[in-house]
Amino acid sequence: MLDAISNFFQRALAEPEQRDNQPLTLELATAALLCEVMRADYDKSDAERAAMKQMLINRYHLNESDVNELMALAEAEVDDAVDHYQFVSLIKEHYGYEQRYELVALMWQLAWADGNVDPLEEHRIRRLADLLHVSHSDFIRSKLSHAPQV
């Protein structure tokens, strides 16, 4: 697994023009937190996987094969992680408040990708928003702005 991570880093770092000047570890940390939301309800739907893939392509300007590998690495990292500290601390260190808020917004988009938000997904997003130091009012604002309009 370490070889896979190392190879991914080397390949992506060799093509800096495709990246948005963000350290690759931030991409992995972001993908890992999105994986946490996706698996919170114990049902990783195809719709959620597709939504996550598109989010990572759009946010980090990676090609599809790199995103597939990033998602696989993120899922493996989440499976091996004891807690969220390593992911959250890296994001807090490198992302400003607006970027952390945008990440919470992506979490809500991902949770709604399959048509409904499970209470376990909402709980996980709330917990991650707290750890990312996103205010409760912004957590609610993001939740309401991504809920389907009835």
# chains A, B, ... in the order shown; residues from 1 in each chain; ligands from 1
$ closest_atom_pairs --of "region 28-64 of chain A" --to "region 70-73 of chain A" --cutoff "8 Å" --atoms "only C-alpha atoms" --output "tab-separated table"
residue	atom	partner	partner_atom	distance
A:Leu28	CA	A:Leu70	CA	6.5
A:Ala31	CA	A:Met71	CA	6.4
A:Ala32	CA	A:Met71	CA	7.8
A:Cys35	CA	A:Met71	CA	8.0
A:Lys53	CA	A:Met71	CA	7.6
$ closest_atom_pairs --of "region 37-77 of chain A" --to "region 114-132 of chain A" --cutoff "8 Å" --atoms "only C-alpha atoms" --output "Markdown table"
| residue | atom | partner | partner_atom | distance |
| --- | --- | --- | --- | --- |
| A:Val37 | CA | A:Glu121 | CA | 5.8 |
| A:Met38 | CA | A:Glu121 | CA | 7.5 |
| A:Ala40 | CA | A:Glu121 | CA | 5.2 |
| A:Asp41 | CA | A:Leu120 | CA | 5.5 |
| A:Ser45 | CA | A:Asp114 | CA | 6.9 |
| A:Ala47 | CA | A:Asp114 | CA | 5.5 |
| A:Glu48 | CA | A:Asp114 | CA | 6.0 |
$ residues_around --residues "Glu64 (chain A)" --least-positions-apart "4" --cutoff "12 Å" --atoms "only C-alpha atoms" --output "list in words"
Ala50, Met52, Lys53, Gln54, Met55, Leu56, Ile57, Asn58, Tyr60, Asn68, Glu69, Leu70 and Met71 of chain A
$ write_last_selection --atoms "all heavy atoms" --output "compact mmCIF listing (two decimals), in the first residue's frame"
# COMPACT_ATOMS: atom_id res chain seq x y z
N ALA A 50 -20.10 8.16 -7.59
CA ALA A 50 -20.01 9.00 -8.79
C ALA A 50 -19.92 10.47 -8.42
O ALA A 50 -19.14 11.23 -9.02
CB ALA A 50 -21.20 8.74 -9.71
N MET A 52 -18.78 11.74 -5.59
CA MET A 52 -17.47 11.99 -4.99
C MET A 52 -16.40 12.09 -6.07
O MET A 52 -15.54 12.98 -6.02
CB MET A 52 -17.12 10.89 -4.00
CG MET A 52 -15.80 11.11 -3.31
SD MET A 52 -15.53 9.86 -2.05
CE MET A 52 -13.77 10.03 -1.83
N LYS A 53 -16.45 11.20 -7.04
CA LYS A 53 -15.48 11.23 -8.13
C LYS A 53 -15.53 12.57 -8.86
O LYS A 53 -14.50 13.20 -9.10
CB LYS A 53 -15.75 10.09 -9.11
CG LYS A 53 -14.77 10.07 -10.28
CD LYS A 53 -15.17 9.04 -11.31
CE LYS A 53 -14.62 7.71 -10.94
NZ LYS A 53 -14.81 6.71 -12.01
N GLN A 54 -16.73 13.03 -9.17
CA GLN A 54 -16.88 14.30 -9.88
C GLN A 54 -16.41 15.48 -9.03
O GLN A 54 -15.78 16.41 -9.53
CB GLN A 54 -18.33 14.50 -10.33
CG GLN A 54 -18.49 15.54 -11.39
CD GLN A 54 -17.65 15.24 -12.63
OE1 GLN A 54 -17.69 14.16 -13.19
NE2 GLN A 54 -16.87 16.22 -13.05
N MET A 55 -16.69 15.43 -7.72
CA MET A 55 -16.23 16.49 -6.82
C MET A 55 -14.71 16.60 -6.84
O MET A 55 -14.15 17.70 -6.90
CB MET A 55 -16.68 16.21 -5.39
CG MET A 55 -18.12 16.40 -5.13
SD MET A 55 -18.50 15.82 -3.46
CE MET A 55 -20.27 16.00 -3.47
N LEU A 56 -14.04 15.46 -6.77
CA LEU A 56 -12.57 15.46 -6.74
C LEU A 56 -11.98 15.90 -8.08
O LEU A 56 -10.98 16.62 -8.11
CB LEU A 56 -12.06 14.08 -6.33
CG LEU A 56 -12.38 13.67 -4.90
CD1 LEU A 56 -12.04 12.20 -4.66
CD2 LEU A 56 -11.67 14.56 -3.90
N ILE A 57 -12.61 15.50 -9.17
CA ILE A 57 -12.15 15.95 -10.50
C ILE A 57 -12.28 17.46 -10.61
O ILE A 57 -11.34 18.14 -11.02
CB ILE A 57 -12.95 15.24 -11.62
CG1 ILE A 57 -12.52 13.77 -11.73
CG2 ILE A 57 -12.76 15.95 -12.96
CD1 ILE A 57 -13.38 12.93 -12.65
N ASN A 58 -13.44 17.98 -10.21
CA ASN A 58 -13.68 19.42 -10.32
C ASN A 58 -12.80 20.23 -9.37
O ASN A 58 -12.28 21.27 -9.74
CB ASN A 58 -15.15 19.75 -10.04
CG ASN A 58 -16.06 19.21 -11.11
OD1 ASN A 58 -15.65 18.90 -12.21
ND2 ASN A 58 -17.33 19.09 -10.76
N TYR A 60 -9.86 19.39 -7.78
CA TYR A 60 -8.41 19.26 -7.86
C TYR A 60 -7.87 19.13 -9.29
O TYR A 60 -6.66 18.97 -9.46
CB TYR A 60 -7.95 18.08 -7.01
CG TYR A 60 -8.17 18.34 -5.55
CD1 TYR A 60 -9.07 17.58 -4.81
CD2 TYR A 60 -7.52 19.37 -4.90
CE1 TYR A 60 -9.29 17.83 -3.48
CE2 TYR A 60 -7.73 19.64 -3.56
CZ TYR A 60 -8.62 18.87 -2.86
OH TYR A 60 -8.84 19.13 -1.54
N ASN A 68 -9.64 7.92 -9.50
CA ASN A 68 -9.96 6.54 -9.09
C ASN A 68 -8.93 6.03 -8.10
O ASN A 68 -9.27 5.41 -7.09
CB ASN A 68 -10.04 5.62 -10.30
CG ASN A 68 -11.26 5.86 -11.14
OD1 ASN A 68 -12.28 6.38 -10.67
ND2 ASN A 68 -11.18 5.51 -12.41
N GLU A 69 -7.66 6.30 -8.38
CA GLU A 69 -6.60 5.86 -7.49
C GLU A 69 -6.66 6.62 -6.17
O GLU A 69 -6.49 6.04 -5.09
CB GLU A 69 -5.24 6.05 -8.16
CG GLU A 69 -4.13 5.33 -7.44
CD GLU A 69 -2.85 5.27 -8.24
OE1 GLU A 69 -2.87 5.57 -9.45
OE2 GLU A 69 -1.82 4.92 -7.63
N LEU A 70 -6.92 7.92 -6.24
CA LEU A 70 -7.04 8.73 -5.03
C LEU A 70 -8.18 8.21 -4.15
O LEU A 70 -8.03 8.09 -2.93
CB LEU A 70 -7.28 10.20 -5.39
CG LEU A 70 -7.48 11.17 -4.23
CD1 LEU A 70 -6.24 11.22 -3.34
CD2 LEU A 70 -7.81 12.56 -4.76
N MET A 71 -9.31 7.88 -4.75
CA MET A 71 -10.44 7.36 -3.99
C MET A 71 -10.09 6.02 -3.33
O MET A 71 -10.45 5.79 -2.17
CB MET A 71 -11.68 7.23 -4.88
CG MET A 71 -12.29 8.57 -5.23
SD MET A 71 -13.68 8.47 -6.39
CE MET A 71 -14.87 7.51 -5.45
$ select_by_dssp --residues "region 79-140 of chain A" --states "alpha helix (DSSP H)" --output "ChimeraX atom specification"
/A:79-80,85-94,97-112,119-131,136-140
$ closest_residue --among "A:Glu36, A:Glu27, A:Tyr42, A:Lys143" --to "Asp66 (chain A)" --atoms "only C-alpha atoms"
A:Glu27
$ decode --residues "region 87-117 of chain A" --atoms "N, CA, C and O atoms" --output "PDB file, in the first residue's frame"
ATOM      1  N   PHE A  87      -6.348  13.685   9.162  1.00  0.00           N
ATOM      2  CA  PHE A  87      -6.958  14.335   8.007  1.00  0.00           C
ATOM      3  C   PHE A  87      -7.374  15.766   8.353  1.00  0.00           C
ATOM      4  O   PHE A  87      -7.090  16.713   7.626  1.00  0.00           O
ATOM      5  N   VAL A  88      -8.055  15.907   9.474  1.00  0.00           N
ATOM      6  CA  VAL A  88      -8.579  17.206   9.887  1.00  0.00           C
ATOM      7  C   VAL A  88      -7.446  18.187  10.192  1.00  0.00           C
ATOM      8  O   VAL A  88      -7.504  19.348   9.786  1.00  0.00           O
ATOM      9  N   SER A  89      -6.420  17.738  10.877  1.00  0.00           N
ATOM     10  CA  SER A  89      -5.335  18.651  11.243  1.00  0.00           C
ATOM     11  C   SER A  89      -4.607  19.164  10.004  1.00  0.00           C
ATOM     12  O   SER A  89      -4.249  20.346   9.941  1.00  0.00           O
ATOM     13  N   LEU A  90      -4.419  18.334   9.006  1.00  0.00           N
ATOM     14  CA  LEU A  90      -3.766  18.766   7.775  1.00  0.00           C
ATOM     15  C   LEU A  90      -4.620  19.802   7.047  1.00  0.00           C
ATOM     16  O   LEU A  90      -4.115  20.823   6.575  1.00  0.00           O
ATOM     17  N   ILE A  91      -5.905  19.569   6.996  1.00  0.00           N
ATOM     18  CA  ILE A  91      -6.810  20.508   6.329  1.00  0.00           C
ATOM     19  C   ILE A  91      -6.856  21.834   7.086  1.00  0.00           C
ATOM     20  O   ILE A  91      -6.782  22.908   6.485  1.00  0.00           O
ATOM     21  N   LYS A  92      -6.963  21.785   8.410  1.00  0.00           N
ATOM     22  CA  LYS A  92      -6.984  23.030   9.191  1.00  0.00           C
ATOM     23  C   LYS A  92      -5.689  23.814   9.041  1.00  0.00           C
ATOM     24  O   LYS A  92      -5.692  25.044   9.041  1.00  0.00           O
ATOM     25  N   GLU A  93      -4.583  23.107   8.898  1.00  0.00           N
ATOM     26  CA  GLU A  93      -3.284  23.763   8.760  1.00  0.00           C
ATOM     27  C   GLU A  93      -3.153  24.504   7.429  1.00  0.00           C
ATOM     28  O   GLU A  93      -2.534  25.569   7.372  1.00  0.00           O
ATOM     29  N   HIS A  94      -3.742  23.963   6.372  1.00  0.00           N
ATOM     30  CA  HIS A  94      -3.534  24.517   5.030  1.00  0.00           C
ATOM     31  C   HIS A  94      -4.738  25.227   4.432  1.00  0.00           C
ATOM     32  O   HIS A  94      -4.583  25.942   3.443  1.00  0.00           O
ATOM     33  N   TYR A  95      -5.912  25.010   4.971  1.00  0.00           N
ATOM     34  CA  TYR A  95      -7.115  25.622   4.413  1.00  0.00           C
ATOM     35  C   TYR A  95      -7.583  26.756   5.309  1.00  0.00           C
ATOM     36  O   TYR A  95      -7.620  26.619   6.534  1.00  0.00           O
ATOM     37  N   GLY A  96      -7.993  27.838   4.688  1.00  0.00           N
ATOM     38  CA  GLY A  96      -8.633  28.919   5.419  1.00  0.00           C
ATOM     39  C   GLY A  96     -10.079  28.549   5.718  1.00  0.00           C
ATOM     40  O   GLY A  96     -10.574  27.498   5.300  1.00  0.00           O
ATOM     41  N   TYR A  97     -10.746  29.435   6.420  1.00  0.00           N
ATOM     42  CA  TYR A  97     -12.126  29.150   6.829  1.00  0.00           C
ATOM     43  C   TYR A  97     -13.036  28.890   5.631  1.00  0.00           C
ATOM     44  O   TYR A  97     -13.830  27.952   5.638  1.00  0.00           O
ATOM     45  N   GLU A  98     -12.949  29.710   4.598  1.00  0.00           N
ATOM     46  CA  GLU A  98     -13.822  29.539   3.426  1.00  0.00           C
ATOM     47  C   GLU A  98     -13.617  28.186   2.765  1.00  0.00           C
ATOM     48  O   GLU A  98     -14.584  27.551   2.339  1.00  0.00           O
ATOM     49  N   GLN A  99     -12.389  27.734   2.658  1.00  0.00           N
ATOM     50  CA  GLN A  99     -12.112  26.431   2.062  1.00  0.00           C
ATOM     51  C   GLN A  99     -12.657  25.300   2.930  1.00  0.00           C
ATOM     52  O   GLN A  99     -13.169  24.309   2.416  1.00  0.00           O
ATOM     53  N   ARG A 100     -12.574  25.457   4.246  1.00  0.00           N
ATOM     54  CA  ARG A 100     -13.140  24.436   5.141  1.00  0.00           C
ATOM     55  C   ARG A 100     -14.657  24.432   5.039  1.00  0.00           C
ATOM     56  O   ARG A 100     -15.288  23.370   5.046  1.00  0.00           O
ATOM     57  N   TYR A 101     -15.257  25.619   4.917  1.00  0.00           N
ATOM     58  CA  TYR A 101     -16.705  25.713   4.729  1.00  0.00           C
ATOM     59  C   TYR A 101     -17.102  25.036   3.412  1.00  0.00           C
ATOM     60  O   TYR A 101     -18.082  24.303   3.358  1.00  0.00           O
ATOM     61  N   GLU A 102     -16.329  25.272   2.342  1.00  0.00           N
ATOM     62  CA  GLU A 102     -16.610  24.635   1.053  1.00  0.00           C
ATOM     63  C   GLU A 102     -16.526  23.112   1.164  1.00  0.00           C
ATOM     64  O   GLU A 102     -17.301  22.396   0.527  1.00  0.00           O
ATOM     65  N   LEU A 103     -15.597  22.628   1.974  1.00  0.00           N
ATOM     66  CA  LEU A 103     -15.482  21.184   2.179  1.00  0.00           C
ATOM     67  C   LEU A 103     -16.729  20.639   2.868  1.00  0.00           C
ATOM     68  O   LEU A 103     -17.244  19.581   2.491  1.00  0.00           O
ATOM     69  N   VAL A 104     -17.239  21.357   3.852  1.00  0.00           N
ATOM     70  CA  VAL A 104     -18.483  20.943   4.510  1.00  0.00           C
ATOM     71  C   VAL A 104     -19.635  20.955   3.499  1.00  0.00           C
ATOM     72  O   VAL A 104     -20.474  20.054   3.489  1.00  0.00           O
ATOM     73  N   ALA A 105     -19.650  21.947   2.618  1.00  0.00           N
ATOM     74  CA  ALA A 105     -20.680  21.999   1.570  1.00  0.00           C
ATOM     75  C   ALA A 105     -20.573  20.778   0.653  1.00  0.00           C
ATOM     76  O   ALA A 105     -21.597  20.191   0.273  1.00  0.00           O
ATOM     77  N   LEU A 106     -19.350  20.373   0.323  1.00  0.00           N
ATOM     78  CA  LEU A 106     -19.174  19.161  -0.496  1.00  0.00           C
ATOM     79  C   LEU A 106     -19.700  17.930   0.240  1.00  0.00           C
ATOM     80  O   LEU A 106     -20.276  17.031  -0.376  1.00  0.00           O
ATOM     81  N   MET A 107     -19.504  17.896   1.542  1.00  0.00           N
ATOM     82  CA  MET A 107     -20.017  16.767   2.330  1.00  0.00           C
ATOM     83  C   MET A 107     -21.530  16.678   2.216  1.00  0.00           C
ATOM     84  O   MET A 107     -22.089  15.588   2.071  1.00  0.00           O
ATOM     85  N   TRP A 108     -22.201  17.834   2.288  1.00  0.00           N
ATOM     86  CA  TRP A 108     -23.659  17.840   2.150  1.00  0.00           C
ATOM     87  C   TRP A 108     -24.075  17.406   0.754  1.00  0.00           C
ATOM     88  O   TRP A 108     -25.038  16.636   0.598  1.00  0.00           O
ATOM     89  N   GLN A 109     -23.377  17.877  -0.275  1.00  0.00           N
ATOM     90  CA  GLN A 109     -23.698  17.455  -1.631  1.00  0.00           C
ATOM     91  C   GLN A 109     -23.560  15.942  -1.762  1.00  0.00           C
ATOM     92  O   GLN A 109     -24.400  15.291  -2.380  1.00  0.00           O
ATOM     93  N   LEU A 110     -22.514  15.408  -1.189  1.00  0.00           N
ATOM     94  CA  LEU A 110     -22.278  13.972  -1.243  1.00  0.00           C
ATOM     95  C   LEU A 110     -23.374  13.212  -0.500  1.00  0.00           C
ATOM     96  O   LEU A 110     -23.878  12.196  -0.988  1.00  0.00           O
ATOM     97  N   ALA A 111     -23.752  13.698   0.660  1.00  0.00           N
ATOM     98  CA  ALA A 111     -24.797  13.030   1.442  1.00  0.00           C
ATOM     99  C   ALA A 111     -26.127  13.009   0.690  1.00  0.00           C
ATOM    100  O   ALA A 111     -26.882  12.029   0.776  1.00  0.00           O
ATOM    101  N   TRP A 112     -26.418  14.076  -0.072  1.00  0.00           N
ATOM    102  CA  TRP A 112     -27.673  14.145  -0.823  1.00  0.00           C
ATOM    103  C   TRP A 112     -27.614  13.415  -2.162  1.00  0.00           C
ATOM    104  O   TRP A 112     -28.640  13.290  -2.846  1.00  0.00           O
ATOM    105  N   ALA A 113     -26.449  12.933  -2.571  1.00  0.00           N
ATOM    106  CA  ALA A 113     -26.275  12.333  -3.897  1.00  0.00           C
ATOM    107  C   ALA A 113     -27.203  11.147  -4.153  1.00  0.00           C
ATOM    108  O   ALA A 113     -27.627  10.921  -5.280  1.00  0.00           O
ATOM    109  N   ASP A 114     -27.539  10.405  -3.110  1.00  0.00           N
ATOM    110  CA  ASP A 114     -28.414   9.251  -3.297  1.00  0.00           C
ATOM    111  C   ASP A 114     -29.888   9.579  -3.031  1.00  0.00           C
ATOM    112  O   ASP A 114     -30.729   8.703  -2.971  1.00  0.00           O
ATOM    113  N   GLY A 115     -30.199  10.856  -2.878  1.00  0.00           N
ATOM    114  CA  GLY A 115     -31.587  11.276  -2.742  1.00  0.00           C
ATOM    115  C   GLY A 115     -32.068  11.535  -1.334  1.00  0.00           C
ATOM    116  O   GLY A 115     -33.136  12.109  -1.143  1.00  0.00           O
ATOM    117  N   ASN A 116     -31.328  11.087  -0.337  1.00  0.00           N
ATOM    118  CA  ASN A 116     -31.715  11.367   1.048  1.00  0.00           C
ATOM    119  C   ASN A 116     -30.485  11.376   1.949  1.00  0.00           C
ATOM    120  O   ASN A 116     -29.465  10.807   1.611  1.00  0.00           O
ATOM    121  N   VAL A 117     -30.621  12.063   3.072  1.00  0.00           N
ATOM    122  CA  VAL A 117     -29.537  12.128   4.049  1.00  0.00           C
ATOM    123  C   VAL A 117     -29.932  11.275   5.241  1.00  0.00           C
ATOM    124  O   VAL A 117     -30.937  11.535   5.900  1.00  0.00           O
TER     125      VAL A 117
END
